[in-house]
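Next comes coords17.cif, a file with mmCIF, C-alpha atoms.
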```cif
data_protein
#
loop_
_atom_site.group_PDB
_atom_site.id
_atom_site.type_symbol
_atom_site.label_atom_id
_atom_site.label_comp_id
_atom_site.auth_asym_id
_atom_site.auth_seq_id
_atom_site.Cartn_x
_atom_site.Cartn_y
_atom_site.Cartn_z
ATOM 1 C CA MET M 147 55.742 122.998 123.138
ATOM 2 C CA ILE M 148 55.892 119.700 121.314
ATOM 3 C CA VAL M 149 53.091 117.263 122.137
ATOM 4 C CA LYS M 150 53.687 113.638 121.172
ATOM 5 C CA LEU M 151 50.370 111.832 120.846
ATOM 6 C CA ARG M 152 50.092 108.045 120.812
ATOM 7 C CA ASN M 153 47.512 105.856 119.050
ATOM 8 C CA PRO M 154 47.972 107.004 116.347
ATOM 9 C CA ASP M 155 51.526 108.327 116.726
ATOM 10 C CA ARG M 156 51.868 111.977 115.758
ATOM 11 C CA GLU M 157 53.431 115.215 116.975
ATOM 12 C CA ILE M 158 51.810 118.615 117.195
ATOM 13 C CA SER M 159 53.043 122.020 118.298
ATOM 14 C CA VAL M 160 51.051 123.969 120.891
ATOM 15 C CA ASP M 161 51.762 127.406 122.337
ATOM 16 C CA GLY M 162 52.505 127.537 126.064
ATOM 17 C CA PRO M 163 52.781 127.934 128.915
ATOM 18 C CA LYS M 164 49.502 126.380 130.047
ATOM 19 C CA ARG M 165 48.094 123.934 132.530
ATOM 20 C CA VAL M 166 47.916 120.293 131.476
ATOM 21 C CA ARG M 167 44.112 120.423 131.756
ATOM 22 C CA ASP M 168 43.958 123.338 129.292
ATOM 23 C CA LEU M 169 46.400 121.647 126.920
ATOM 24 C CA LEU M 170 44.244 118.522 126.786
ATOM 25 C CA VAL M 171 41.073 120.528 126.129
ATOM 26 C CA GLU M 172 42.847 122.416 123.333
ATOM 27 C CA VAL M 173 43.863 119.200 121.562
ATOM 28 C CA GLY M 174 40.445 117.590 122.123
ATOM 29 C CA LEU M 175 41.344 114.955 124.716
ATOM 30 C CA HIS M 176 39.486 114.065 127.920
ATOM 31 C CA PRO M 177 41.792 114.511 130.946
ATOM 32 C CA ASP M 178 40.645 111.233 132.545
ATOM 33 C CA ALA M 179 41.420 109.203 129.419
ATOM 34 C CA VAL M 180 45.141 109.991 129.087
ATOM 35 C CA LEU M 181 48.437 110.256 130.945
ATOM 36 C CA VAL M 182 50.738 113.221 130.298
ATOM 37 C CA ILE M 183 54.469 112.629 130.732
ATOM 38 C CA ARG M 184 57.361 115.109 130.656
ATOM 39 C CA GLY M 185 60.684 113.300 130.588
ATOM 40 C CA ARG M 186 60.216 110.658 133.290
ATOM 41 C CA GLU M 187 57.668 112.694 135.270
ATOM 42 C CA LEU M 188 53.949 111.941 135.267
ATOM 43 C CA LEU M 189 52.098 115.267 135.261
ATOM 44 C CA THR M 190 48.804 116.121 136.949
ATOM 45 C CA ARG M 191 46.065 118.181 135.348
ATOM 46 C CA GLU M 192 47.141 121.165 137.454
ATOM 47 C CA ASP M 193 50.832 121.096 136.451
ATOM 48 C CA THR M 194 52.061 123.778 134.059
ATOM 49 C CA VAL M 195 53.736 122.877 130.790
ATOM 50 C CA GLU M 196 56.158 125.467 129.400
ATOM 51 C CA ASP M 197 56.560 126.538 125.779
ATOM 52 C CA THR M 198 59.988 124.838 125.630
ATOM 53 C CA ASP M 199 58.740 121.458 126.970
ATOM 54 C CA THR M 200 58.139 118.232 125.120
ATOM 55 C CA VAL M 201 55.372 116.079 126.564
ATOM 56 C CA GLU M 202 53.992 112.693 125.639
ATOM 57 C CA VAL M 203 50.278 111.932 125.859
ATOM 58 C CA ARG M 204 49.389 108.260 126.251
ATOM 59 C CA PRO M 205 45.943 106.695 126.523
ATOM 60 C CA VAL M 206 45.018 105.089 129.834
ATOM 61 C CA ILE M 207 44.647 101.354 129.325
ATOM 62 C CA SER M 208 43.047 99.110 131.906
ATOM 63 C CA GLY M 209 42.273 95.474 131.800
ATOM 64 C CA GLY M 210 41.629 92.542 133.919
#
```
What would you get if you wrote out this structure as structure tokens?
Amino acid sequence: MIVKLRNPDREISVDGPKRVRDLLVEVGLHPDAVLVIRGRELLTREDTVEDTDTVEVRPVISGG
């Protein structure tokens, strides 16, 4: 699968299929600190990402 990471922008290739939680651990990201998006769908940590998917990983930003 192709994983598009933001801040800084880069793309990496990861073997699948695997759960979103496992994908994030593999690339060194904390599951509570990012959002994972496939197309227009926001994925949960329990969703499975297939080898043919492209996902985008964006940091969670909060403010007030």
> So how far away is atom CA of Gly174 of chain M from atom CA of Glu187 of chain M, in Å?
Replying inline: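 A separation of 22.2 Å between them.
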> What is the atom CA of Asp178 of chain M-atom CA of Pro205 of chain M distance in Å, reported with one decimal?
Replying inline: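 For atom CA of Asp178 of chain M relative to atom CA of Pro205 of chain M, the distance reads 9.2 Å.
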> Which residues, protein or nucleic acid, reach to within 12 Å of (39.9, 112.9, 130.9) in the file's coordinates when using all atoms listed in the file, and can you give that as a PyMOL selection string?
Replying inline: chain M and resi 166-171+173-182+190-191+203-206
>> Just to confirm, what's the straight-line distance from atom CA of Glu157 of chain M to atom CA of Ile183 of chain M in Å (one decimal)?
In response: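 Taking atom CA of Glu157 of chain M as the start and atom CA of Ile183 of chain M as the end point, the length is 14.0 Å.
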I need the residue set behind the PyMOL selection byres ((chain M and resi 162) around 9) for this file; please write it as an mmCIF file with C-alpha atoms, in the frame of the given file.
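See result.cif below for the written result:
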```cif
data_model
loop_
_atom_site.group_PDB
_atom_site.id
_atom_site.type_symbol
_atom_site.label_atom_id
_atom_site.label_comp_id
_atom_site.auth_asym_id
_atom_site.auth_seq_id
_atom_site.Cartn_x
_atom_site.Cartn_y
_atom_site.Cartn_z
ATOM 1 C CA MET M 147 55.742 122.998 123.138
ATOM 2 C CA VAL M 160 51.051 123.969 120.891
ATOM 3 C CA ASP M 161 51.762 127.406 122.337
ATOM 4 C CA PRO M 163 52.781 127.934 128.915
ATOM 5 C CA LYS M 164 49.502 126.380 130.047
ATOM 6 C CA ARG M 165 48.094 123.934 132.530
ATOM 7 C CA LEU M 169 46.400 121.647 126.920
ATOM 8 C CA THR M 194 52.061 123.778 134.059
ATOM 9 C CA VAL M 195 53.736 122.877 130.790
ATOM 10 C CA GLU M 196 56.158 125.467 129.400
ATOM 11 C CA ASP M 197 56.560 126.538 125.779
ATOM 12 C CA THR M 198 59.988 124.838 125.630
ATOM 13 C CA ASP M 199 58.740 121.458 126.970
#
```
> Mind telling me what the PyMOL selection byres ((chain M and resi 185) around 9) catches here, as a list in words?
Replying inline: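 Applying the expression gives Ile183, Arg184, Arg186, Glu187, Leu188, Thr200, Val201 and Glu202 of chain M.
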Residues of the last selection are to be written out with C-alpha atoms, as a PDB file, in the frame of the given file.
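The file below, out.pdb, is the result:
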```pdb
ATOM      1  CA  ILE M 183      54.469 112.629 130.732  1.00  0.00           C
ATOM      2  CA  ARG M 184      57.361 115.109 130.656  1.00  0.00           C
ATOM      3  CA  ARG M 186      60.216 110.658 133.290  1.00  0.00           C
ATOM      4  CA  GLU M 187      57.668 112.694 135.270  1.00  0.00           C
ATOM      5  CA  LEU M 188      53.949 111.941 135.267  1.00  0.00           C
ATOM      6  CA  THR M 200      58.139 118.232 125.120  1.00  0.00           C
ATOM      7  CA  VAL M 201      55.372 116.079 126.564  1.00  0.00           C
ATOM      8  CA  GLU M 202      53.992 112.693 125.639  1.00  0.00           C
TER       9      GLU M 202
END
```
> For this file, the PyMOL selection byres ((chain M and resi 158) around 6) selects which residues, as a list in words?
Replying inline: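 So the PyMOL selection byres ((chain M and resi 158) around 6) ends up selecting Ile148, Val149, Glu157 and Ser159 of chain M.
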Using the partial input, fill out segment 160-185 of chain M with N, CA and C atoms; write the result as a PDB file, in the frame of the given file.
```pdb
ATOM      1  N   VAL M 160      52.061 123.195 120.176  1.00  0.00           N
ATOM      2  CA  VAL M 160      51.051 123.969 120.891  1.00  0.00           C
ATOM      3  C   VAL M 160      51.761 125.093 121.631  1.00  0.00           C
ATOM      4  N   ASP M 161      51.185 126.286 121.607  1.00  0.00           N
ATOM      5  CA  ASP M 161      51.762 127.406 122.337  1.00  0.00           C
ATOM      6  C   ASP M 161      51.571 127.216 123.840  1.00  0.00           C
ATOM      7  N   GLY M 162      52.564 127.616 124.610  1.00  0.00           N
ATOM      8  CA  GLY M 162      52.505 127.537 126.064  1.00  0.00           C
ATOM      9  C   GLY M 162      52.933 128.860 126.634  1.00  0.00           C
ATOM     10  N   PRO M 163      53.056 128.966 127.917  1.00  0.00           N
ATOM     11  CA  PRO M 163      52.781 127.934 128.915  1.00  0.00           C
ATOM     12  C   PRO M 163      51.274 127.795 129.161  1.00  0.00           C
ATOM     13  N   LYS M 164      50.896 126.615 129.667  1.00  0.00           N
ATOM     14  CA  LYS M 164      49.502 126.380 130.047  1.00  0.00           C
ATOM     15  C   LYS M 164      49.418 125.159 130.950  1.00  0.00           C
ATOM     16  N   ARG M 165      48.310 125.096 131.669  1.00  0.00           N
ATOM     17  CA  ARG M 165      48.094 123.934 132.530  1.00  0.00           C
ATOM     18  C   ARG M 165      47.802 122.708 131.670  1.00  0.00           C
ATOM     19  N   VAL M 166      48.149 121.550 132.191  1.00  0.00           N
ATOM     20  CA  VAL M 166      47.916 120.293 131.476  1.00  0.00           C
ATOM     21  C   VAL M 166      46.442 120.169 131.106  1.00  0.00           C
ATOM     22  N   ARG M 167      45.556 120.504 132.016  1.00  0.00           N
ATOM     23  CA  ARG M 167      44.112 120.423 131.756  1.00  0.00           C
ATOM     24  C   ARG M 167      43.745 121.246 130.516  1.00  0.00           C
ATOM     25  N   ASP M 168      44.264 122.463 130.428  1.00  0.00           N
ATOM     26  CA  ASP M 168      43.958 123.338 129.292  1.00  0.00           C
ATOM     27  C   ASP M 168      44.572 122.817 127.995  1.00  0.00           C
ATOM     28  N   LEU M 169      45.753 122.246 128.083  1.00  0.00           N
ATOM     29  CA  LEU M 169      46.400 121.647 126.920  1.00  0.00           C
ATOM     30  C   LEU M 169      45.533 120.521 126.356  1.00  0.00           C
ATOM     31  N   LEU M 170      45.048 119.662 127.233  1.00  0.00           N
ATOM     32  CA  LEU M 170      44.244 118.522 126.786  1.00  0.00           C
ATOM     33  C   LEU M 170      42.934 118.979 126.142  1.00  0.00           C
ATOM     34  N   VAL M 171      42.300 119.985 126.725  1.00  0.00           N
ATOM     35  CA  VAL M 171      41.073 120.528 126.129  1.00  0.00           C
ATOM     36  C   VAL M 171      41.369 121.087 124.745  1.00  0.00           C
ATOM     37  N   GLU M 172      42.484 121.801 124.625  1.00  0.00           N
ATOM     38  CA  GLU M 172      42.847 122.416 123.333  1.00  0.00           C
ATOM     39  C   GLU M 172      43.052 121.382 122.234  1.00  0.00           C
ATOM     40  N   VAL M 173      43.619 120.223 122.586  1.00  0.00           N
ATOM     41  CA  VAL M 173      43.863 119.200 121.562  1.00  0.00           C
ATOM     42  C   VAL M 173      42.715 118.182 121.473  1.00  0.00           C
ATOM     43  N   GLY M 174      41.644 118.419 122.245  1.00  0.00           N
ATOM     44  CA  GLY M 174      40.445 117.590 122.123  1.00  0.00           C
ATOM     45  C   GLY M 174      40.491 116.266 122.851  1.00  0.00           C
ATOM     46  N   LEU M 175      41.241 116.197 123.961  1.00  0.00           N
ATOM     47  CA  LEU M 175      41.344 114.955 124.716  1.00  0.00           C
ATOM     48  C   LEU M 175      40.725 115.112 126.097  1.00  0.00           C
ATOM     49  N   HIS M 176      40.078 114.057 126.580  1.00  0.00           N
ATOM     50  CA  HIS M 176      39.486 114.065 127.920  1.00  0.00           C
ATOM     51  C   HIS M 176      40.580 113.799 128.949  1.00  0.00           C
ATOM     52  N   PRO M 177      40.708 114.658 129.960  1.00  0.00           N
ATOM     53  CA  PRO M 177      41.792 114.511 130.946  1.00  0.00           C
ATOM     54  C   PRO M 177      41.821 113.173 131.680  1.00  0.00           C
ATOM     55  N   ASP M 178      40.673 112.519 131.838  1.00  0.00           N
ATOM     56  CA  ASP M 178      40.645 111.233 132.545  1.00  0.00           C
ATOM     57  C   ASP M 178      41.011 110.058 131.648  1.00  0.00           C
ATOM     58  N   ALA M 179      41.163 110.291 130.353  1.00  0.00           N
ATOM     59  CA  ALA M 179      41.420 109.203 129.419  1.00  0.00           C
ATOM     60  C   ALA M 179      42.880 109.072 129.019  1.00  0.00           C
ATOM     61  N   VAL M 180      43.739 109.994 129.507  1.00  0.00           N
ATOM     62  CA  VAL M 180      45.141 109.991 129.087  1.00  0.00           C
ATOM     63  C   VAL M 180      46.080 110.267 130.255  1.00  0.00           C
ATOM     64  N   LEU M 181      47.341 109.899 130.048  1.00  0.00           N
ATOM     65  CA  LEU M 181      48.437 110.256 130.945  1.00  0.00           C
ATOM     66  C   LEU M 181      49.332 111.233 130.199  1.00  0.00           C
ATOM     67  N   VAL M 182      49.835 112.246 130.907  1.00  0.00           N
ATOM     68  CA  VAL M 182      50.738 113.221 130.298  1.00  0.00           C
ATOM     69  C   VAL M 182      52.090 113.103 131.000  1.00  0.00           C
ATOM     70  N   ILE M 183      53.132 112.907 130.206  1.00  0.00           N
ATOM     71  CA  ILE M 183      54.469 112.629 130.732  1.00  0.00           C
ATOM     72  C   ILE M 183      55.452 113.641 130.169  1.00  0.00           C
ATOM     73  N   ARG M 184      56.268 114.213 131.060  1.00  0.00           N
ATOM     74  CA  ARG M 184      57.361 115.109 130.656  1.00  0.00           C
ATOM     75  C   ARG M 184      58.645 114.463 131.149  1.00  0.00           C
ATOM     76  N   GLY M 185      59.474 114.032 130.203  1.00  0.00           N
ATOM     77  CA  GLY M 185      60.684 113.300 130.588  1.00  0.00           C
ATOM     78  C   GLY M 185      60.292 111.987 131.241  1.00  0.00           C
TER      79      GLY M 185
END
```
